[in-house]
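The next block holds one structure in the form of structure tokens; read it before the comments.
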Amino acid sequence: FTQNGKRYTKTWFKTKREAKQAEAKRKEEAQNPEQTMITAPIPTDMEFLELVNRRLDYIKAYNSVKYYANHICAAKRWCRLWGKLKCNEINADMVQTHLYGIKKTGNVVSANMHLTMLRAMFNFGMNHPRNWIANNPTMGLAKFPVEKKVKYIPPMEDVLKVINSADPDSQDYLWTIACTLGRVSEINRLTWKDINLQERYLYLYTRKKKGGSLTPRRIAMNKKLYATLSKRYAERDPEKPWVFWHRYWSTKEQAFVEGPYKDRKRLMYTLCDKAGVTYFRYHPFRHFGASLLDHQNVPIGDIQRILGHEKIGRASCRERV
């Protein structure tokens with residue numbers, strides 16, 4: 001709105017009602033500038049490093065391990081550039097130069113991801129009740145255009161070749177993904193408490209929901225999954241709560257520790273090479289399992305629920321498998 005020849009503007013309201021309320025409040029402040037000077041909060045600022053750490057703490061508490069790990073990696077690069085600056089000393093040109101540097105390496109997707117994460121972090125500081133920072137230097141910056149390519153989806157024959165080339169423990173892992181349609185992070189956190197062999201069902205937990213809370217969904221076991229988990233249960237170590245775990249060297253602890261997997265990137269490189277097929281990661285096992293359900297005429301809504309998708313379109317195995 002314009003008042004006394006001066007234009008006032010603000011964006012990023014969630015609803016029209018919220019925008020109208022803010023407009024009315026701002027008009028009142030503009031009409032009473034002396035009162036506004038007394039009551040209006042003074043814009044604040046903070047060290048960039050402190051904002052990064054607070055954002056990482058928030059992500060660690062509310063988001064997935066993978067999401068947190070991606071931010072840790074990006075934050076290290078940001079802090080090498082701006083770790084000694086205050087947030088208001090960082091401007092759009094500095095951010096754009098950083099993004100250009102990533103793009104020059106040929107990784108456009110990574111550059112766009114950095115922009116998304118930086119924008120979210122500065123918004124996090126601006127929207128905090130204490131108004132940690134006054135502006136977001138990423139506003140107005142656009143993502144780089146991306147040349148989208150058709151995703152490689154391996155044929156069922158290749159998926160089966162990979163499973164058959166794996167050792168017994170890895171076969172159990174891959175069949176569990178395929179039979180539950182679970183994400184790797186969900187299978188990695190699977191414990192024996194989540195499994196009911198008597199009634200043949202289990203619970204998977206995901207953070208891919210609004211708010212970041214772990215949300216359970218119940219999955220019925222087919223014969224293959226029941227046989228796999230029954231065998232593992234009989235051979236389990238009673239002191240280990242996880243269905244899939246390993247012993248590894250921890251650089252943080254400087255000792256061997258035992259615990260669930262965080263990621264298993266190397267496994268698929270090894271198995272695809274051994275099977276003599278084009279490399280692919282774990283997601284095709286979800287496609288594989290969804291395709292089996294589709295061929296059994298399972299309703300698309302049920303497949304959506306098992307996949308843990310919010311929208312039916314994302315679960316359309318007829319289009320994606």
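Starting from 1 in every chain, residues are counted up; chains themselves are A, B, ... following the order of the structure tokens, and ligands are numbered from 1 as listed.
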
### Task
Find the residues around A:Leu51 up to 10 Å (only C-alpha atoms counted), leave out those fewer than 2 positions away in its own chain, and share them as an MDAnalysis selection string.
chainID A and resid 45:49 53:57 86:87 121:122 124:125 132:133

Please, could you write that set of residues out with all heavy atoms as a compact mmCIF listing (two decimals), in the first residue's frame?
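part_19.txt, freshly written:
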```txt
# COMPACT_ATOMS: atom_id res chain seq x y z
N ASP A 45 20.85 -8.93 14.59
CA ASP A 45 21.74 -9.67 13.72
C ASP A 45 22.50 -10.67 14.58
O ASP A 45 22.52 -10.57 15.81
CB ASP A 45 22.70 -8.72 13.01
CG ASP A 45 23.43 -9.41 11.86
OD1 ASP A 45 22.93 -10.43 11.38
OD2 ASP A 45 24.50 -8.93 11.46
N MET A 46 23.12 -11.64 13.94
CA MET A 46 23.89 -12.63 14.67
C MET A 46 25.02 -13.14 13.79
O MET A 46 25.04 -12.93 12.58
CB MET A 46 22.99 -13.80 15.12
CG MET A 46 22.48 -14.66 14.00
SD MET A 46 21.20 -15.88 14.52
CE MET A 46 21.86 -16.55 15.99
N GLU A 47 25.96 -13.81 14.41
CA GLU A 47 27.06 -14.40 13.67
C GLU A 47 26.52 -15.48 12.73
O GLU A 47 25.64 -16.26 13.09
CB GLU A 47 28.08 -15.03 14.63
CG GLU A 47 28.69 -14.06 15.63
CD GLU A 47 29.67 -13.10 14.98
OE1 GLU A 47 30.15 -13.43 13.86
OE2 GLU A 47 29.95 -12.05 15.56
N PHE A 48 27.06 -15.52 11.52
CA PHE A 48 26.60 -16.51 10.55
C PHE A 48 26.84 -17.93 11.08
O PHE A 48 25.97 -18.80 10.94
CB PHE A 48 27.35 -16.32 9.22
CG PHE A 48 26.99 -17.35 8.18
CD1 PHE A 48 25.77 -17.30 7.52
CD2 PHE A 48 27.87 -18.37 7.88
CE1 PHE A 48 25.44 -18.26 6.57
CE2 PHE A 48 27.55 -19.33 6.93
CZ PHE A 48 26.33 -19.27 6.27
N LEU A 49 27.97 -18.14 11.72
CA LEU A 49 28.29 -19.46 12.26
C LEU A 49 27.26 -19.89 13.30
O LEU A 49 26.88 -21.06 13.36
CB LEU A 49 29.69 -19.46 12.86
CG LEU A 49 30.19 -20.79 13.41
CD1 LEU A 49 30.23 -21.85 12.32
CD2 LEU A 49 31.59 -20.62 14.01
N ASN A 53 24.73 -23.20 13.15
CA ASN A 53 24.65 -24.21 14.21
C ASN A 53 23.23 -24.37 14.75
O ASN A 53 22.78 -25.48 15.03
CB ASN A 53 25.60 -23.84 15.35
CG ASN A 53 27.05 -24.10 14.98
OD1 ASN A 53 27.35 -25.00 14.20
ND2 ASN A 53 27.96 -23.29 15.51
N ARG A 54 22.52 -23.26 14.88
CA ARG A 54 21.14 -23.34 15.37
C ARG A 54 20.24 -24.04 14.36
O ARG A 54 19.35 -24.82 14.72
CB ARG A 54 20.60 -21.94 15.67
CG ARG A 54 21.22 -21.31 16.92
CD ARG A 54 20.70 -19.89 17.13
NE ARG A 54 21.35 -19.26 18.27
CZ ARG A 54 20.78 -19.12 19.47
NH1 ARG A 54 19.58 -19.61 19.69
NH2 ARG A 54 21.43 -18.51 20.44
N ARG A 55 20.48 -23.77 13.08
CA ARG A 55 19.69 -24.43 12.04
C ARG A 55 20.00 -25.93 12.02
O ARG A 55 19.08 -26.76 11.88
CB ARG A 55 20.03 -23.81 10.67
CG ARG A 55 19.35 -24.48 9.49
CD ARG A 55 17.85 -24.40 9.54
NE ARG A 55 17.25 -24.96 8.32
CZ ARG A 55 15.97 -25.23 8.19
NH1 ARG A 55 15.13 -25.00 9.19
NH2 ARG A 55 15.51 -25.73 7.06
N LEU A 56 21.26 -26.30 12.17
CA LEU A 56 21.63 -27.72 12.18
C LEU A 56 21.02 -28.44 13.38
O LEU A 56 20.57 -29.58 13.26
CB LEU A 56 23.15 -27.86 12.20
CG LEU A 56 23.88 -27.49 10.91
CD1 LEU A 56 25.39 -27.56 11.11
CD2 LEU A 56 23.47 -28.37 9.75
N ASP A 57 20.98 -27.77 14.52
CA ASP A 57 20.35 -28.37 15.71
C ASP A 57 18.88 -28.64 15.45
O ASP A 57 18.33 -29.68 15.85
CB ASP A 57 20.51 -27.46 16.92
CG ASP A 57 21.94 -27.41 17.44
OD1 ASP A 57 22.72 -28.31 17.09
OD2 ASP A 57 22.27 -26.46 18.18
N LYS A 86 29.03 -11.65 10.01
CA LYS A 86 27.67 -11.59 10.53
C LYS A 86 26.70 -11.80 9.38
O LYS A 86 27.05 -11.60 8.22
CB LYS A 86 27.42 -10.23 11.21
CG LYS A 86 28.07 -10.08 12.57
CD LYS A 86 27.67 -8.77 13.22
CE LYS A 86 28.16 -8.68 14.66
NZ LYS A 86 27.50 -9.67 15.53
N CYS A 87 25.50 -12.17 9.70
CA CYS A 87 24.53 -12.50 8.65
C CYS A 87 24.23 -11.31 7.75
O CYS A 87 24.08 -11.47 6.53
CB CYS A 87 23.23 -13.02 9.28
SG CYS A 87 23.42 -14.64 10.05
N MET A 121 17.52 -21.62 5.61
CA MET A 121 18.23 -21.27 6.83
C MET A 121 18.04 -19.79 7.19
O MET A 121 17.79 -19.46 8.35
CB MET A 121 19.73 -21.56 6.66
CG MET A 121 20.54 -21.29 7.93
SD MET A 121 22.30 -21.56 7.68
CE MET A 121 22.68 -20.24 6.53
N PHE A 122 18.15 -18.91 6.20
CA PHE A 122 17.96 -17.49 6.49
C PHE A 122 16.50 -17.20 6.87
O PHE A 122 16.23 -16.36 7.74
CB PHE A 122 18.38 -16.64 5.29
CG PHE A 122 19.87 -16.49 5.15
CD1 PHE A 122 20.55 -17.06 4.09
CD2 PHE A 122 20.61 -15.78 6.08
CE1 PHE A 122 21.93 -16.93 3.95
CE2 PHE A 122 21.98 -15.63 5.97
CZ PHE A 122 22.65 -16.22 4.89
N PHE A 124 14.64 -19.26 8.43
CA PHE A 124 14.59 -19.78 9.79
C PHE A 124 15.02 -18.70 10.79
O PHE A 124 14.38 -18.51 11.83
CB PHE A 124 15.51 -21.00 9.89
CG PHE A 124 15.69 -21.54 11.28
CD1 PHE A 124 14.69 -22.27 11.89
CD2 PHE A 124 16.87 -21.33 11.97
CE1 PHE A 124 14.86 -22.79 13.17
CE2 PHE A 124 17.05 -21.85 13.25
CZ PHE A 124 16.05 -22.58 13.85
N GLY A 125 16.08 -17.96 10.46
CA GLY A 125 16.54 -16.88 11.34
C GLY A 125 15.60 -15.69 11.37
O GLY A 125 15.37 -15.08 12.42
N TRP A 132 16.13 -13.12 14.92
CA TRP A 132 17.58 -13.22 14.94
C TRP A 132 18.24 -12.39 13.85
O TRP A 132 19.26 -11.76 14.08
CB TRP A 132 18.00 -14.68 14.78
CG TRP A 132 17.79 -15.50 16.01
CD1 TRP A 132 17.73 -15.05 17.30
CD2 TRP A 132 17.60 -16.91 16.08
NE1 TRP A 132 17.53 -16.09 18.16
CE2 TRP A 132 17.45 -17.25 17.44
CE3 TRP A 132 17.56 -17.93 15.12
CZ2 TRP A 132 17.27 -18.57 17.86
CZ3 TRP A 132 17.36 -19.22 15.54
CH2 TRP A 132 17.22 -19.54 16.90
N ILE A 133 17.67 -12.39 12.64
CA ILE A 133 18.24 -11.61 11.54
C ILE A 133 17.13 -10.83 10.86
O ILE A 133 15.95 -11.13 11.01
CB ILE A 133 18.96 -12.51 10.52
CG1 ILE A 133 18.00 -13.52 9.90
CG2 ILE A 133 20.15 -13.22 11.17
CD1 ILE A 133 18.63 -14.37 8.79
```

### Task
Quick one: everything within 12 Å of A:Thr116, counting only C-alpha atoms, minus sequence neighbours fewer than 3 positions away in the same chain. Send it as a ChimeraX atom specification.
/A:71,74,95,99,109-113,119-123,138-139,141-144

### Task
Would you mind listing what lies within 10 Å of A:Thr180 as JSON, numbers by chain, with only C-alpha atoms counted and same-chain residues fewer than 4 positions away left out?
{"A": [175, 176, 186, 187, 201, 202, 203, 204, 218, 219, 220, 221, 222, 225, 285, 286, 289, 290, 306, 307]}

### Query
In terms of the shortest atom-to-atom distance over only C-alpha atoms, which of A:Gly101, A:Pro154, A:Pro129, A:Pro260 is closest to A:Tyr248?
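Nearest to A:Tyr248: A:Pro260.
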
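Across the structure, atom CA of A:Ala178 and atom CA of A:Phe288 are spaced 6.4 Å apart.
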
### Task
Taking the chain letters and numbering used in this document, name the residues of stretch 3-239 of chain A that DSSP puts in helix (DSSP H, G or I), as a PyMOL selection string.
chain A and resi 16-31+33-39+48-62+65-82+87-89+92-104+108-126+156-165+168-180+184-188+192-194+223-234

### Task
Give the answer as one residue: which of A:Thr278, A:Gln21, A:Leu190, A:Ala30 has the shortest atom-to-atom distance to A:Tyr8, using only C-alpha atoms?
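Closest residue, counting only C-alpha atoms: A:Ala30.
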
#### Entry: Residue among A:Ile195, A:Val159, A:Ala134, A:Ala255 lying closest to A:Ile90, counting only C-alpha atoms
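Distance minimum relative to A:Ile90 lands on A:Ala134.
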
### Query
Which residue out of A:Ala22, A:Arg207, A:Ser165, A:Asn88 has the minimum interatomic distance to A:Ile59 when only C-alpha atoms are used?
A:Arg207

### Message
as a list in words, please: the residues near stretch 270-276 of chain A (cut-off 6 Å, only C-alpha atoms, same-chain neighbours under 3 positions excluded).
### Response
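The contact residues come out as Lys161, Val162, Ser165, Leu267 and Tyr279 of chain A.
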
### Task
Name all residues at most 12 Å from A:Glu147 (count only C-alpha atoms; drop same-chain ones fewer than 2 positions away) and give them as a list in words.
Gly106, Asn107, Val108, Val109, Phe144, Pro145, Lys149 and Val150 of chain A

Surrounding residues of A:Arg281 excluding itself and chain neighbours under 6 positions, 9 Å, only C-alpha atoms, as a compact mmCIF listing (two decimals) with C-alpha atoms, in the first residue's frame:
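Output contents, as saved in selection_36.txt:
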```
# COMPACT_ATOMS: atom_id res chain seq x y z
CA LYS A 265 25.97 -47.07 -0.99
CA MET A 268 24.79 -51.70 -4.72
CA TYR A 269 27.99 -50.79 -6.62
```

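For A:Lys6, the non-local neighbours within 12 Å, defined as residues at least 4 positions apart in the same chain or in other chains and counting only C-alpha atoms, are Phe1, Thr2, Lys27, Ala30 and Gln31 of chain A.
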
For the selection just defined, write its residues with N, CA and C atoms to a file, as a PDB file, in the first residue's frame.
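Written output follows (part.pdb):
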```
ATOM      1  N   PHE A   1       0.850  -1.185   0.000  1.00  0.00           N
ATOM      2  CA  PHE A   1       0.000   0.000   0.000  1.00  0.00           C
ATOM      3  C   PHE A   1       0.887   1.236   0.000  1.00  0.00           C
ATOM      4  N   THR A   2       0.297   2.378  -0.402  1.00  0.00           N
ATOM      5  CA  THR A   2       1.025   3.657  -0.444  1.00  0.00           C
ATOM      6  C   THR A   2       0.345   4.623   0.507  1.00  0.00           C
ATOM      7  N   LYS A  27      -0.192  -0.126   8.518  1.00  0.00           N
ATOM      8  CA  LYS A  27      -0.801   1.183   8.259  1.00  0.00           C
ATOM      9  C   LYS A  27      -0.910   1.985   9.547  1.00  0.00           C
ATOM     10  N   ALA A  30       2.433   3.275  10.468  1.00  0.00           N
ATOM     11  CA  ALA A  30       2.845   4.388   9.608  1.00  0.00           C
ATOM     12  C   ALA A  30       2.147   5.683  10.012  1.00  0.00           C
ATOM     13  N   GLN A  31       0.929   5.592  10.542  1.00  0.00           N
ATOM     14  CA  GLN A  31       0.192   6.774  10.975  1.00  0.00           C
ATOM     15  C   GLN A  31       0.687   7.294  12.320  1.00  0.00           C
TER      16      GLN A  31
END
```
